[in-house]
Amino acid sequence: MKLIFLGPPGAGKGTQAVKVAQKYQIAHISTGDMLRAEMREGTQLGKEAKELIERGELVPDDVILGMVKNRIQKEDCKNGFLFDGFPRTIAQAEALESISAIDHVINLEVPVDTLIRRISGRRMCAECGAGYHVSTYTDTNCKCGAALFQREDDKEETVRNRLVVYERSTKPLIDYYTKKGLLHTVNGDADIDVVDAAIGAVISK
Ligand code: AMP
């Protein structure tokens with residue numbers, strides 16, 4: 001099975017992607033996580049991406065497409081994969097068509113005030129990249145023991161720009177995938193398990 005999770009920052013794509021990937025035994029491919037891993041490792045790509053990410057801008061399409069093409073060749077993608085945060089532009093979606101067919105696009109819909117509340121409480125592990133939210137996890141360290149921090153691009157000013165970039169560059173994908181008959185919109189403003197069940201119902205239809 002090959003899936004795309006679409007939605008603005010803070011819609012819960014990452015949280016739901018982990019659950020769905022586990023349930024269907026498919027690879028979870030988050031281009032944001034891949035870029036953050038490059039940044040942690042201090043690679044050239046990571047250094048170039050850092051500045052754009054911290055301003056809330058998108059990384060160039062050719063860089064993202066190169067990463068994705070390599071990633072889907074890996075053994076763990078044999079059974080399928082779930083894209084989380086990709087594609088983010090029409091150009092990426094068009095390029096994806098010549099790389100792989102897609103079964104479903106899940107569009108997570110969440111009101112802006114919920115997005116901002118979710119993002120501002122988000123914390124991340126500096127070592128393993130695990131994510132938490134201050135409303136459900138009060139420790140200042142990750143379960144692995146390393147310190148938690150707030151992503152630079154989760155700070156308010158950058159979040160506002162990320163939402164503008166989403167409206168301008170990514171939201172047009174809703175129309176794009178609707179016309180292809182692949183889009184399913186799910187209410188993402190509910191408990192994690194409720195959203196998970198709604199996604200499951202769409203996929204198994
Ligand atoms: P995310 O973790 O998905 O919110 O991604 C964090 C940041 O990484 C985004 O704000 C972009 O700067 C960059 N990024 C992630 N995925 C993509 C993509 N598909 N295209 C362009 N930039 C991306």
# chains A, B, ... in the order shown; residues from 1 in each chain; ligands from 1

$ residues_around --residues "stretch 38-55 of chain A" --least-positions-apart "2" --cutoff "9 Å" --atoms "only C-alpha atoms" --output "ChimeraX atom specification"
/A:33-36,57-60,63,126-127,151-154,157-159,161-162

$ residues_around --residues "A:Asp189" --least-positions-apart "5" --cutoff "12 Å" --atoms "only C-alpha atoms" --output "short mmCIF file (atom, residue, chain, number, x, y, z; two decimals) with all heavy atoms, in the first residue's frame"
data_model
loop_
_atom_site.label_atom_id
_atom_site.label_comp_id
_atom_site.auth_asym_id
_atom_site.auth_seq_id
_atom_site.Cartn_x
_atom_site.Cartn_y
_atom_site.Cartn_z
N GLY A 7 -1.57 17.75 4.88
CA GLY A 7 -2.16 18.59 5.93
C GLY A 7 -1.16 19.64 6.37
O GLY A 7 0.04 19.47 6.17
N GLY A 10 1.32 20.63 12.13
CA GLY A 10 0.54 20.50 13.36
C GLY A 10 -0.75 19.73 13.17
O GLY A 10 -1.51 19.53 14.12
N ALA A 11 -1.00 19.23 11.96
CA ALA A 11 -2.26 18.51 11.70
C ALA A 11 -2.24 17.11 12.33
O ALA A 11 -3.30 16.48 12.44
CB ALA A 11 -2.52 18.41 10.20
N GLY A 12 -1.06 16.64 12.71
CA GLY A 12 -0.96 15.30 13.31
C GLY A 12 -0.50 14.25 12.31
O GLY A 12 -0.65 13.05 12.57
N LYS A 13 0.08 14.67 11.20
CA LYS A 13 0.53 13.71 10.18
C LYS A 13 1.54 12.72 10.76
O LYS A 13 1.42 11.52 10.55
CB LYS A 13 1.19 14.44 8.98
CG LYS A 13 0.28 15.43 8.27
CD LYS A 13 0.94 16.00 7.03
CE LYS A 13 2.17 16.84 7.29
NZ LYS A 13 1.90 18.09 8.03
N LEU A 108 -5.60 15.57 6.35
CA LEU A 108 -6.02 15.82 7.74
C LEU A 108 -6.40 17.28 7.91
O LEU A 108 -5.58 18.17 7.69
CB LEU A 108 -4.87 15.47 8.69
CG LEU A 108 -4.58 13.99 8.89
CD1 LEU A 108 -3.35 13.79 9.76
CD2 LEU A 108 -5.78 13.28 9.53
N GLU A 109 -7.67 17.51 8.28
CA GLU A 109 -8.19 18.87 8.40
C GLU A 109 -8.26 19.28 9.86
O GLU A 109 -8.88 18.57 10.67
CB GLU A 109 -9.60 18.89 7.79
CG GLU A 109 -9.93 20.17 7.09
CD GLU A 109 -11.22 20.01 6.29
OE1 GLU A 109 -12.21 19.51 6.84
OE2 GLU A 109 -11.21 20.41 5.13
N VAL A 110 -7.62 20.40 10.19
CA VAL A 110 -7.57 20.88 11.59
C VAL A 110 -7.65 22.41 11.59
O VAL A 110 -6.95 23.05 10.81
CB VAL A 110 -6.22 20.41 12.25
CG1 VAL A 110 -6.08 20.97 13.65
CG2 VAL A 110 -6.12 18.89 12.29
N PRO A 111 -8.49 23.01 12.48
CA PRO A 111 -8.56 24.47 12.53
C PRO A 111 -7.24 25.12 12.97
O PRO A 111 -6.49 24.50 13.74
CB PRO A 111 -9.65 24.76 13.57
CG PRO A 111 -10.21 23.46 13.98
CD PRO A 111 -9.38 22.35 13.44
N VAL A 112 -7.02 26.36 12.50
CA VAL A 112 -5.74 27.03 12.74
C VAL A 112 -5.40 27.17 14.23
O VAL A 112 -4.25 26.97 14.62
CB VAL A 112 -5.73 28.42 12.06
CG1 VAL A 112 -4.51 29.23 12.47
CG2 VAL A 112 -5.72 28.27 10.56
N ASP A 113 -6.40 27.50 15.09
CA ASP A 113 -6.06 27.68 16.52
C ASP A 113 -5.55 26.37 17.13
O ASP A 113 -4.64 26.38 17.97
CB ASP A 113 -7.24 28.28 17.31
CG ASP A 113 -8.52 27.50 17.15
OD1 ASP A 113 -8.63 26.74 16.16
OD2 ASP A 113 -9.42 27.63 18.00
N THR A 114 -6.09 25.25 16.70
CA THR A 114 -5.60 23.94 17.19
C THR A 114 -4.18 23.70 16.68
O THR A 114 -3.33 23.21 17.43
CB THR A 114 -6.53 22.79 16.72
OG1 THR A 114 -7.86 23.10 17.08
CG2 THR A 114 -6.12 21.45 17.32
N LEU A 115 -3.92 24.06 15.43
CA LEU A 115 -2.57 23.86 14.87
C LEU A 115 -1.53 24.60 15.71
O LEU A 115 -0.51 24.05 16.10
CB LEU A 115 -2.49 24.40 13.43
CG LEU A 115 -3.36 23.74 12.37
CD1 LEU A 115 -3.21 24.45 11.04
CD2 LEU A 115 -3.00 22.26 12.22
N ARG A 117 -1.77 25.72 18.81
CA ARG A 117 -1.65 25.15 20.16
C ARG A 117 -0.79 23.89 20.14
O ARG A 117 0.11 23.71 20.96
CB ARG A 117 -3.06 24.84 20.70
CG ARG A 117 -3.07 24.55 22.19
CD ARG A 117 -4.47 24.33 22.74
NE ARG A 117 -5.13 23.17 22.18
CZ ARG A 117 -6.23 23.21 21.43
NH1 ARG A 117 -6.80 24.36 21.14
NH2 ARG A 117 -6.78 22.11 20.95
N ARG A 118 -1.03 23.04 19.15
CA ARG A 118 -0.27 21.79 19.06
C ARG A 118 1.21 22.07 18.81
O ARG A 118 2.08 21.49 19.46
CB ARG A 118 -0.80 20.93 17.92
CG ARG A 118 -2.10 20.24 18.25
CD ARG A 118 -2.47 19.34 17.10
NE ARG A 118 -3.74 18.69 17.30
CZ ARG A 118 -4.34 17.99 16.36
NH1 ARG A 118 -3.78 17.85 15.17
NH2 ARG A 118 -5.50 17.41 16.60
N VAL A 194 -9.39 8.34 17.70
CA VAL A 194 -10.57 8.60 16.86
C VAL A 194 -10.10 8.90 15.43
O VAL A 194 -10.65 8.37 14.45
CB VAL A 194 -11.39 9.80 17.42
CG1 VAL A 194 -12.52 10.18 16.48
CG2 VAL A 194 -11.91 9.46 18.81
N VAL A 195 -9.05 9.72 15.31
CA VAL A 195 -8.51 10.05 13.99
C VAL A 195 -7.94 8.79 13.34
O VAL A 195 -8.18 8.51 12.16
CB VAL A 195 -7.41 11.15 14.09
CG1 VAL A 195 -6.85 11.49 12.71
CG2 VAL A 195 -7.96 12.41 14.76
N ASP A 196 -7.25 7.99 14.13
CA ASP A 196 -6.66 6.74 13.63
C ASP A 196 -7.75 5.82 13.06
O ASP A 196 -7.59 5.24 11.98
CB ASP A 196 -5.91 6.06 14.79
CG ASP A 196 -5.23 4.78 14.36
OD1 ASP A 196 -4.60 4.80 13.28
OD2 ASP A 196 -5.33 3.78 15.08
N ALA A 198 -10.69 6.72 11.93
CA ALA A 198 -11.26 7.32 10.71
C ALA A 198 -10.34 7.05 9.52
O ALA A 198 -10.80 6.75 8.41
CB ALA A 198 -11.46 8.81 10.91
#

$ atom_distance --atom1 "atom CA of A:Arg122" --atom2 "atom CA of A:Ile72"
28.3 Å

$ closest_residue --among "A:Cys125, A:Val165, A:Ala147, A:Val18" --to "ligand 1" --atoms "only C-alpha atoms and all ligand atoms"
A:Val165

$ residues_around --residues "A:Pro87" --least-positions-apart "6" --cutoff "12 Å" --atoms "only C-alpha atoms" --output "MDAnalysis selection string"
chainID A and resid 3:7 29:32 58:62 64:65 68 93:97 102 105 166 169:174 176:177

$ closest_residue --among "A:Gly14, A:Gly56, A:Gly188, A:Gly145" --to "ligand 1" --atoms "only C-alpha atoms and all ligand atoms"
A:Gly56

$ residues_around --residues "stretch 199-203 of chain A" --least-positions-apart "5" --cutoff "8 Å" --atoms "only C-alpha atoms" --output "ChimeraX atom specification"
/A:20,104,106,184,186

$ write_last_selection --atoms "C-alpha atoms" --output "mmCIF file, in the first residue's frame"
data_model
loop_
_atom_site.group_PDB
_atom_site.id
_atom_site.type_symbol
_atom_site.label_atom_id
_atom_site.label_comp_id
_atom_site.auth_asym_id
_atom_site.auth_seq_id
_atom_site.Cartn_x
_atom_site.Cartn_y
_atom_site.Cartn_z
ATOM 1 C CA VAL A 20 -0.622 3.491 10.279
ATOM 2 C CA HIS A 104 -4.815 6.979 -1.204
ATOM 3 C CA ILE A 106 -5.360 11.302 3.406
ATOM 4 C CA HIS A 184 -10.021 11.484 1.428
ATOM 5 C CA VAL A 186 -10.427 13.185 7.644
#

$ atom_distance --atom1 "atom 13 (C, counted along the ligand's line) of ligand 1" --atom2 "atom CA of A:Ile116"
17.7 Å

$ select_by_dssp --residues "stretch 37-172 of chain A" --states "alpha helix (DSSP H)" --output "ChimeraX atom specification"
/A:37-41,44-55,61-71,90-97,112-120,156-165,172

$ atom_distance --atom1 "atom CA of A:Ile26" --atom2 "atom CA of A:Ala146"
28.1 Å

$ closest_residue --among "A:Arg160, A:Lys205, A:Arg88, A:Lys179" --to "ligand 1" --atoms "only C-alpha atoms and all ligand atoms"
A:Arg88

$ select_by_dssp --residues "stretch 132-203 of chain A" --states "strand (DSSP E)" --output "PyMOL selection string"
chain A and resi 132-133+148-149+183-187

$ closest_residue --among "A:Met67, A:Asp84, A:Asp139, A:Glu156" --to "ligand 1" --atoms "only C-alpha atoms and all ligand atoms"
A:Asp84
